[in-house]
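Structure below is structure-v3.txt: compact mmCIF, C-alpha atoms.
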# COMPACT_ATOMS: atom_id res chain seq x y z
CA MET A 238 -87.72 34.27 18.51
CA TRP A 239 -90.06 34.78 15.55
CA ARG A 240 -90.16 38.52 16.24
CA GLN A 241 -86.39 38.72 16.05
CA VAL A 242 -86.35 36.64 12.88
CA ALA A 243 -88.82 39.09 11.32
CA LEU A 244 -86.80 42.11 12.45
CA ASP A 245 -83.63 40.60 11.02
CA THR A 246 -85.17 39.76 7.61
CA PRO A 247 -84.77 42.85 5.39
CA GLN A 248 -87.01 41.41 2.64
CA LEU A 249 -89.98 41.93 4.98
CA TRP A 250 -89.32 45.66 5.28
CA ASN A 251 -88.48 46.91 1.79
CA ASP A 252 -92.11 47.33 0.66
CA ILE A 253 -93.83 49.87 2.91
CA THR A 254 -97.23 51.65 2.80
CA LEU A 255 -97.75 54.88 4.76
CA ILE A 256 -101.17 56.50 5.14
CA GLU A 257 -101.22 60.21 5.98
CA PRO A 258 -97.94 60.64 7.88
CA ARG A 259 -98.82 64.05 9.31
CA ASP A 260 -95.79 65.11 11.32
CA SER A 261 -92.14 64.47 12.02
CA ALA A 262 -92.96 61.88 14.67
CA ALA A 263 -94.82 59.75 12.12
CA LEU A 264 -91.96 60.14 9.66
CA ARG A 265 -89.47 59.05 12.31
CA ILE A 266 -91.47 55.87 12.91
CA ALA A 267 -91.51 55.26 9.16
CA GLN A 268 -87.77 55.86 9.04
CA ARG A 269 -87.26 53.22 11.72
CA LEU A 270 -89.29 50.71 9.71
CA LEU A 271 -87.37 51.47 6.55
CA SER A 272 -84.03 51.08 8.32
CA ARG A 273 -84.82 47.40 8.78
CA ALA A 274 -84.63 46.93 5.01
CA GLY A 275 -80.87 47.22 5.22
CA GLY A 276 -79.41 48.08 1.84
CA LEU A 277 -82.25 46.59 -0.24
CA PRO A 278 -84.02 48.80 -2.81
CA ILE A 279 -87.27 50.05 -1.31
CA SER A 280 -90.80 50.27 -2.73
CA LEU A 281 -92.79 52.99 -0.96
CA THR A 282 -96.52 53.71 -1.16
CA ILE A 283 -97.45 56.94 0.59
CA ASP A 284 -100.68 58.95 0.82
CA TRP A 285 -100.10 62.67 1.27
CA SER A 286 -103.35 63.70 -0.39
CA THR A 287 -104.89 65.55 2.61
CA SER A 288 -102.15 65.89 5.21
CA GLY A 289 -100.80 69.21 3.91
CA VAL A 290 -97.24 68.08 4.57
CA ASP A 291 -94.27 69.64 2.80
CA VAL A 292 -93.76 66.77 0.34
CA ASN A 293 -90.18 67.71 -0.44
CA LYS A 294 -89.19 67.90 3.22
CA GLY A 295 -91.05 64.70 3.98
CA PHE A 296 -89.21 62.87 1.23
CA GLU A 297 -85.89 64.17 2.45
CA GLU A 298 -86.60 62.75 5.90
CA LEU A 299 -87.81 59.41 4.54
CA MET A 300 -85.35 58.87 1.75
CA ASN A 301 -82.16 59.76 3.59
CA HIS A 302 -79.75 56.81 3.43
CA HIS A 303 -82.19 54.62 1.48
CA LEU A 304 -82.37 53.48 -2.13
CA PHE A 305 -85.93 53.99 -3.37
CA GLU A 306 -86.65 51.96 -6.49
CA SER A 307 -90.43 52.35 -6.67
CA LEU A 308 -92.69 55.20 -5.48
CA ASP A 309 -96.50 55.24 -5.34
CA ILE A 310 -97.67 58.61 -4.09
CA ASN A 311 -101.03 60.35 -3.61
CA LEU A 312 -100.83 64.13 -3.33
CA GLN A 313 -102.53 67.44 -4.13
CA SER A 314 -101.81 69.03 -7.50
CA GLN A 315 -100.22 72.10 -5.87
CA HIS A 316 -97.62 69.79 -4.32
CA LEU A 317 -96.81 68.01 -7.59
CA PRO A 318 -93.98 70.41 -8.60
CA GLN A 319 -92.17 69.45 -5.40
CA LEU A 320 -91.37 66.09 -7.00
CA SER A 321 -89.25 68.04 -9.48
CA GLN A 322 -87.27 69.55 -6.63
CA LEU A 323 -86.09 66.31 -5.05
CA PRO A 324 -82.30 66.22 -4.66
CA GLN A 325 -80.68 64.12 -7.33
CA ASN A 326 -79.21 61.68 -4.80
CA LEU A 327 -82.74 60.88 -3.59
CA ALA A 328 -84.32 60.46 -7.04
CA SER A 329 -81.43 58.86 -8.90
CA ASN A 330 -82.43 55.24 -8.09
CA VAL A 331 -86.17 55.53 -8.78
CA LYS A 332 -87.19 53.24 -11.65
CA LYS A 333 -90.97 53.30 -11.18
CA LEU A 334 -93.17 56.25 -10.23
CA ASN A 335 -96.95 56.17 -9.85
CA ALA A 336 -98.74 59.39 -8.87
CA ILE A 337 -102.41 59.95 -8.08
CA VAL A 338 -102.97 63.70 -8.14
CA TYR A 339 -105.96 65.30 -6.42
CA SER A 340 -106.87 68.77 -7.62
CA ASP A 341 -109.44 71.43 -6.84
CA ASN A 342 -111.03 73.55 -9.56
CA ALA A 343 -108.30 76.16 -9.28
CA HIS A 344 -105.64 73.69 -10.41
CA SER A 345 -107.59 71.14 -12.42
CA ASN A 346 -106.60 72.49 -15.85
CA ASP A 347 -103.09 73.68 -15.14
CA THR A 348 -101.10 70.71 -13.85
CA HIS A 349 -97.39 70.85 -14.62
CA LEU A 350 -94.71 68.27 -13.92
CA SER A 351 -91.06 68.16 -14.92
CA LEU A 352 -88.89 65.15 -14.04
CA PRO A 353 -85.80 65.57 -16.23
CA SER A 354 -83.36 62.76 -16.90
CA GLU A 355 -80.58 64.39 -14.87
CA HIS A 356 -82.74 64.00 -11.74
CA PHE A 357 -84.34 60.65 -12.63
CA PRO A 358 -81.68 58.87 -14.72
CA GLN A 359 -83.19 55.40 -14.12
CA LEU A 360 -86.90 56.20 -14.36
CA GLU A 361 -88.42 53.75 -16.87
CA SER A 362 -92.02 53.36 -15.69
CA PHE A 363 -94.42 56.25 -15.06
CA ARG A 364 -98.15 56.28 -14.28
CA MET A 365 -100.19 59.31 -13.34
CA HIS A 366 -103.84 59.67 -12.43
CA ALA A 367 -104.93 63.30 -12.77
CA VAL A 368 -107.69 65.28 -14.48
CA VAL A 369 -105.80 67.30 -17.11
CA ILE A 370 -102.12 67.97 -17.51
CA ALA A 371 -100.87 70.99 -19.42
CA HIS A 372 -97.12 70.36 -19.32
CA LEU A 373 -95.13 67.16 -18.78
CA VAL A 374 -91.41 66.49 -19.01
CA LEU A 375 -89.99 63.01 -18.36
CA PRO A 376 -86.86 61.11 -19.45
CA TRP A 377 -88.81 59.87 -22.46
CA THR A 378 -86.04 58.06 -24.30
CA GLN A 379 -85.51 55.56 -21.46
CA HIS A 380 -89.18 54.92 -20.73
CA ARG A 381 -90.50 51.38 -21.13
CA HIS A 382 -93.93 51.76 -19.47
CA LEU A 383 -96.04 54.92 -19.79
CA ASP A 384 -99.57 54.97 -18.35
CA LEU A 385 -101.48 58.23 -18.74
CA ALA A 386 -104.87 56.59 -19.38
CA SER A 387 -106.38 58.51 -16.45
CA THR A 388 -104.72 61.81 -17.34
CA MET A 389 -106.12 63.83 -20.22
CA LEU A 390 -103.45 65.14 -22.57
CA PRO A 391 -103.96 67.65 -25.38
CA TRP A 392 -103.07 66.25 -28.79
CA GLU A 393 -100.32 68.83 -29.19
CA LEU A 394 -98.56 67.62 -26.04
CA CYS A 395 -98.88 63.99 -27.10
CA LEU A 396 -97.32 64.71 -30.49
CA GLY A 397 -94.35 66.23 -28.73
CA ILE A 398 -93.99 63.24 -26.41
CA LEU A 399 -94.40 60.18 -28.64
CA PRO A 400 -91.46 60.75 -31.05
CA GLN A 401 -89.13 60.67 -28.03
CA CYS A 402 -90.48 57.37 -26.66
CA THR A 403 -88.23 55.12 -28.71
CA SER A 404 -87.85 52.55 -25.90
CA VAL A 405 -91.49 52.36 -24.81
CA GLU A 406 -93.05 48.88 -24.70
CA GLU A 407 -96.42 49.77 -23.12
CA CYS A 408 -98.25 53.05 -23.69
CA PHE A 409 -101.70 54.09 -22.42
CA LEU A 410 -102.95 57.56 -23.40
CA SER A 411 -106.11 59.61 -23.01
CA LEU A 412 -106.29 62.45 -25.55
CA TYR A 413 -108.55 65.42 -26.11
CA GLY A 414 -108.86 68.07 -28.78
CA ARG A 415 -108.98 67.61 -32.53
CA SER A 416 -106.74 64.89 -33.90
CA PRO A 417 -104.26 66.16 -36.48
CA HIS A 418 -104.50 65.21 -40.16
CA LEU A 419 -100.90 65.76 -41.21
CA VAL A 420 -98.24 64.47 -38.81
CA SER A 421 -94.68 63.31 -39.42
CA ASP A 422 -93.88 59.64 -38.92
CA ILE A 423 -93.61 58.50 -35.29
CA SER A 424 -91.53 55.34 -34.98
CA LEU A 425 -92.09 53.23 -31.85
CA PRO A 426 -89.97 50.16 -32.65
CA LEU A 427 -90.41 48.36 -29.30
CA LEU A 428 -94.07 49.15 -28.60
CA GLN A 429 -96.12 46.01 -27.88
CA ARG A 430 -99.20 47.30 -26.03
CA LEU A 431 -101.03 50.49 -27.00
CA SER A 432 -104.27 51.89 -25.55
CA LEU A 433 -105.81 55.11 -26.87
CA THR A 434 -108.82 56.92 -25.45
CA SER A 435 -110.36 59.87 -27.27
CA VAL A 436 -112.35 62.21 -25.01
CA ARG A 437 -114.49 65.21 -25.81
CA GLY A 438 -115.26 63.96 -29.31
CA ALA A 439 -114.39 60.80 -31.20
CA ALA A 440 -111.10 60.97 -33.06
CA SER A 441 -110.66 59.03 -36.28
CA PHE A 442 -108.86 55.70 -36.03
CA CYS A 443 -106.90 56.50 -39.17
CA ASN A 444 -105.88 59.96 -38.00
CA ILE A 445 -104.59 58.44 -34.76
CA MET A 446 -102.78 55.45 -36.21
CA GLN A 447 -101.59 56.72 -39.59
CA PRO A 448 -98.44 58.50 -38.29
CA LEU A 449 -97.42 55.57 -36.08
CA ILE A 450 -94.98 52.85 -37.07
CA THR A 451 -95.28 49.97 -34.58
CA PRO A 452 -93.74 46.76 -35.96
CA GLN A 453 -93.99 44.89 -32.61
CA LEU A 454 -97.59 45.80 -31.69
CA THR A 455 -99.59 42.84 -30.31
CA THR A 456 -102.24 44.52 -28.11
CA LEU A 457 -104.44 47.47 -29.12
CA GLY A 458 -107.15 49.18 -27.09
CA LEU A 459 -109.45 51.84 -28.54
CA ARG A 460 -112.05 53.85 -26.62
CA GLY A 461 -114.19 56.68 -27.92
CA VAL A 462 -112.60 56.30 -31.35
CA ALA A 463 -114.39 56.41 -34.71
CA LEU A 464 -113.48 53.23 -36.62
CA GLY A 465 -114.30 54.67 -40.03
CA CYS A 466 -111.18 54.83 -42.17
CA SER A 467 -110.38 55.49 -45.81
CA ASN A 468 -106.88 53.99 -45.83
CA TYR A 469 -107.00 50.84 -43.71
CA ASN A 470 -104.37 49.09 -45.82
CA SER A 471 -101.73 51.73 -45.09
CA VAL A 472 -102.51 51.72 -41.35
CA VAL A 473 -102.43 47.91 -41.24
CA GLN A 474 -99.04 47.72 -42.94
CA ARG A 475 -97.38 50.51 -40.97
CA ASN A 476 -98.52 49.10 -37.64
CA ASN A 477 -98.31 45.41 -38.57
CA LEU A 478 -101.87 44.83 -37.38
CA GLY A 479 -101.81 41.41 -38.99
CA GLN A 480 -99.92 40.17 -35.91
CA LEU A 481 -102.33 41.78 -33.42
CA GLN A 482 -103.32 39.28 -30.72
CA VAL A 483 -105.53 41.27 -28.33
CA LEU A 484 -108.12 43.88 -29.36
CA ARG A 485 -110.16 45.98 -26.92
CA LEU A 486 -112.99 48.13 -28.29
CA ALA A 487 -114.93 50.40 -25.92
CA SER A 488 -117.53 53.02 -26.84
CA VAL A 489 -116.35 53.11 -30.44
CA SER A 490 -118.44 54.75 -33.12
CA ASP A 491 -118.82 53.61 -36.72
CA SER A 492 -119.12 50.06 -35.40
CA SER A 493 -120.27 48.94 -38.84
CA ASN A 494 -116.57 49.05 -39.73
CA ILE A 495 -115.66 46.34 -37.21
CA HIS A 496 -115.86 43.72 -39.96
CA ARG A 497 -113.37 45.61 -42.09
CA PHE A 498 -111.09 46.02 -39.09
CA LEU A 499 -111.20 42.32 -38.17
CA CYS A 500 -110.43 41.27 -41.73
CA ASN A 501 -106.94 42.69 -41.19
CA THR A 502 -106.24 41.04 -37.82
CA PRO A 503 -106.13 37.26 -38.44
CA SER A 504 -103.90 36.56 -35.41
CA LEU A 505 -106.40 37.75 -32.80
CA HIS A 506 -106.89 35.38 -29.88
CA THR A 507 -108.72 37.80 -27.53
CA ILE A 508 -111.51 40.32 -28.20
CA GLN A 509 -112.60 42.56 -25.31
CA LEU A 510 -115.87 44.50 -25.65
CA PRO A 511 -116.42 46.22 -22.28
CA TYR A 512 -118.57 49.15 -23.43
CA LEU A 513 -120.51 48.92 -26.67
CA ARG A 514 -122.33 51.80 -28.31
CA GLY A 515 -124.88 51.00 -30.99
CA ASP A 516 -125.15 47.75 -32.92
CA PHE A 517 -122.34 45.30 -33.58
CA ASP A 518 -121.58 44.81 -37.26
CA PRO A 519 -123.86 41.87 -38.28
CA LYS A 520 -121.48 40.84 -41.06
CA ALA A 521 -118.66 40.62 -38.54
CA LEU A 522 -120.83 38.50 -36.23
CA GLU A 523 -121.66 36.10 -39.05
CA ARG A 524 -118.04 35.61 -40.09
CA LEU A 525 -116.86 35.37 -36.48
CA SER A 526 -119.44 32.64 -35.90
CA ASP A 527 -118.06 30.34 -38.59
CA GLY A 528 -114.41 31.15 -37.89
CA GLN A 529 -113.73 33.04 -41.12
CA LEU A 530 -112.77 36.08 -39.06
CA ALA A 531 -110.24 35.76 -36.23
CA PRO A 532 -109.70 32.01 -36.79
CA LEU A 533 -107.43 31.81 -33.72
CA LEU A 534 -109.96 33.44 -31.37
CA GLN A 535 -109.95 31.86 -27.90
CA THR A 536 -111.31 34.49 -25.49
CA VAL A 537 -114.25 36.90 -25.69
CA GLU A 538 -115.03 39.46 -22.97
CA ILE A 539 -118.38 41.29 -22.95
CA ASN A 540 -120.33 43.58 -20.64
CA SER A 541 -124.04 42.83 -20.39
CA SER A 542 -124.72 45.91 -18.24
CA THR A 543 -124.19 48.44 -21.05
CA ASN A 544 -125.97 46.86 -24.00
CA ASN A 545 -127.94 43.67 -23.35
CA ASP A 546 -128.93 43.19 -27.00
CA VAL A 547 -125.37 43.28 -28.30
CA ALA A 548 -124.14 41.12 -25.41
CA GLY A 549 -126.77 38.55 -26.41
CA GLU A 550 -125.65 38.68 -30.04
CA ILE A 551 -122.01 38.15 -29.02
CA LEU A 552 -123.05 35.21 -26.83
CA THR A 553 -124.91 33.69 -29.80
CA MET A 554 -121.78 34.08 -31.91
CA VAL A 555 -119.74 32.22 -29.30
CA GLU A 556 -122.31 29.43 -29.13
CA VAL A 557 -122.34 28.93 -32.90
CA ARG A 558 -118.58 29.11 -33.14
CA VAL A 559 -118.03 26.56 -30.38
CA LYS A 560 -120.36 24.08 -32.07
CA THR A 561 -119.12 24.54 -35.63
CA THR A 562 -115.37 25.05 -35.41
CA GLY A 563 -114.47 21.99 -33.37
CA SER A 564 -112.06 19.33 -34.60
CA LYS A 565 -111.08 15.83 -33.51
CA THR A 566 -107.77 14.74 -32.07
CA GLN A 567 -106.06 11.47 -33.00
CA ASP A 568 -107.87 9.87 -30.06
CA GLY A 569 -111.20 10.96 -31.47
CA GLU A 570 -111.80 13.55 -28.75
CA LYS A 571 -113.49 16.71 -29.95
CA THR A 572 -111.69 19.96 -29.15
CA TYR A 573 -112.84 23.55 -29.41
CA PRO A 574 -110.63 26.56 -30.19
CA MET A 575 -112.83 28.84 -28.06
CA LYS A 576 -111.49 28.50 -24.52
CA ARG A 577 -113.16 31.14 -22.37
CA ILE A 578 -115.83 33.81 -22.17
CA LYS A 579 -115.83 36.58 -19.58
CA LEU A 580 -119.10 38.35 -18.81
CA SER A 581 -119.38 41.51 -16.71
CA LYS A 582 -122.79 42.35 -15.26
CA ALA A 583 -124.38 44.96 -12.99
CA SER A 584 -127.23 42.78 -11.71
CA SER A 585 -128.23 39.15 -11.46
CA LEU A 586 -128.19 37.16 -14.68
CA GLN A 587 -131.45 36.33 -16.34
CA PRO A 588 -132.19 32.57 -16.06
CA HIS A 589 -131.99 31.93 -19.81
CA ILE A 590 -128.56 33.64 -19.99
CA ARG A 591 -127.34 31.54 -17.08
CA LYS A 592 -128.59 28.41 -18.83
CA ARG A 593 -126.75 29.32 -22.04
CA LEU A 594 -123.52 29.91 -20.15
CA ASP A 595 -123.89 26.56 -18.39
CA ALA A 596 -124.30 24.90 -21.78
CA LEU A 597 -121.05 26.47 -23.00
CA GLU A 598 -119.23 24.92 -20.06
CA THR A 599 -120.31 21.47 -21.24
CA TYR A 600 -118.36 22.18 -24.44
CA GLY A 601 -115.22 22.86 -22.44
CA VAL A 602 -115.47 26.65 -22.43
CA ASP A 603 -114.36 28.35 -19.20
CA VAL A 604 -117.02 30.88 -18.13
CA TYR A 605 -116.04 33.80 -15.88
CA ILE A 606 -118.74 36.09 -14.49
CA MET A 607 -117.86 39.38 -12.79
CA THR A 608 -120.31 41.67 -11.00
CA ILE A 609 -119.79 45.41 -11.49
CA HIS A 610 -120.76 47.59 -8.54

Would you write out, as structure tokens, the structure that this file holds?
Amino acid sequence: MWRQVALDTPQLWNDITLIEPRDSAALRIAQRLLSRAGGLPISLTIDWSTSGVDVNKGFEELMNHHLFESLDINLQSQHLPQLSQLPQNLASNVKKLNAIVYSDNAHSNDTHLSLPSEHFPQLESFRMHAVVIAHLVLPWTQHRHLDLASTMLPWELCLGILPQCTSVEECFLSLYGRSPHLVSDISLPLLQRLSLTSVRGAASFCNIMQPLITPQLTTLGLRGVALGCSNYNSVVQRNNLGQLQVLRLASVSDSSNIHRFLCNTPSLHTIQLPYLRGDFDPKALERLSDGQLAPLLQTVEINSSTNNDVAGEILTMVEVRVKTTGSKTQDGEKTYPMKRIKLSKASSLQPHIRKRLDALETYGVDVYIMTIH
């Protein structure tokens, strides 16, 4: 009875994962499973990274008579162009596409992908994990979520992409090459979350952010970026950084400018510091400790495996802040704005660090510890 109930419940069959379907027989079995989803939109995860299958033919067999709304696919870079060749009736319902692209040295610097709007009219979320991509065409104007954090883009390609992304709400980019100094305005009116990684040389924060106009930005991540800037005020106003709520800084240089940066972000409630390079700005630590900077701060995330000294300084800041910025409710109960601290580590905690974290818990701070392998 329960078997029949399961077979007759399409909601159990519209999210399918296939690992290395190597031949037509495997695809026929997959087709049978998918047929049980009835007319529901289907989410498919499929790994074709080593099977050598004709991706286009395989998709034709799988997608016939089904509405695919979400695709997660692993494949070799030489098969990537086959995604562009999917018949329009097969691709027309896809809203979300995630691709992990494996490439050998012969293809690692010459990845091309074109998914035009006439083939993917509903595509609004795209994520790709590849080494380097030289050419990329997507239906940019309808995109809401764009994640290329694991795909290195040349600056020139990025500057051609961003002005078209007028509907994007989340954008994660990894850029290489020299950042431009003179760029026309790039308006991203709906952008809320932005993450920028500069590889092969630290790009200037001002050069990156100066052309952008992001009135809705609430979350900003910077990695490998030089924080030094000669025109902070202009960048702050154009990107409305005063309303920024979450800031993630990883492997940034010119960390002595962190104080100046934080002075312009009074609405911060979360600071994430996963990878720190060099010393943390002592002036910023002092003013964070007494609540003059980031007065609404509630969560701090640090990584003790990359820089123990700085992690210890951040922990001291949290301790001082918890003890000095408390207030009393009408019932006389003391409350503390700082709510949680997250600590990533590669090995066992030293006893004195563990003791300090335990003490924070007595002040009502939630302590999360994550081991990195």

Restricting the calculation to only C-alpha atoms: of A:Ser321, A:Gln447, A:Asn477, A:Thr599, which residue gets closest to Val374 (chain A)?
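The answer is A:Ser321, which sits nearest to Val374 (chain A).
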
Do you have the CA of Leu425 (chain A)-CA of Thr455 (chain A) distance handy?
12.9 Å

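With only C-alpha atoms as the atoms that count, the residue of A:Val557, A:Leu281, A:Leu249, A:Ala328 with the shortest distance to Ser354 (chain A) is A:Ala328.
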
May I have the residues within 10 Å of Val559 (chain A) as a CSV table (one decimal) with C-alpha atoms, in the coordinates of the input, using only C-alpha atoms and disregarding those fewer than 3 positions away in the same chain?
chain,number,residue,atom,x,y,z
A,526,SER,CA,-119.4,32.6,-35.9
A,527,ASP,CA,-118.1,30.3,-38.6
A,528,GLY,CA,-114.4,31.2,-37.9
A,535,GLN,CA,-110.0,31.9,-27.9
A,553,THR,CA,-124.9,33.7,-29.8
A,554,MET,CA,-121.8,34.1,-31.9
A,555,VAL,CA,-119.7,32.2,-29.3
A,556,GLU,CA,-122.3,29.4,-29.1
A,562,THR,CA,-115.4,25.0,-35.4
A,563,GLY,CA,-114.5,22.0,-33.4
A,572,THR,CA,-111.7,20.0,-29.2
A,573,TYR,CA,-112.8,23.6,-29.4
A,574,PRO,CA,-110.6,26.6,-30.2
A,575,MET,CA,-112.8,28.8,-28.1
A,576,LYS,CA,-111.5,28.5,-24.5
A,597,LEU,CA,-121.0,26.5,-23.0
A,600,TYR,CA,-118.4,22.2,-24.4
A,601,GLY,CA,-115.2,22.9,-22.4
A,602,VAL,CA,-115.5,26.6,-22.4

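As for CA of Ile495 (chain A) and CA of Phe442 (chain A), they are spaced 11.6 Å apart.
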
In Å, rounded to a single decimal, give me how far CA of Thr507 (chain A) is from CA of Gly465 (chain A).
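Atom-to-atom, CA of Gly465 (chain A) to CA of Thr507 (chain A), that is 21.7 Å.
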
Leaving out Leu464 (chain A) and any residue of its chain fewer than 4 positions from it, which residues lie within 12 Å of it when counting all atoms listed in the file, given as a VMD selection string?
chain A and resid 435 439 to 446 459 to 460 468 to 469 486 to 499 518

Is it possible to get the residues within 9 Å of (-95.1, 50.5, -35.0) (coordinates as in the file, counting all atoms listed in the file) written as a PyMOL selection string?
chain A and resi 423-429+449-454+475-477

Here is a test: counting all atoms listed in the file, which residue of A:Thr378, A:Ser584, A:Ser404, A:His349 is nearest to Leu390 (chain A)?
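Smallest separation from Leu390 (chain A) among the options: A:His349.
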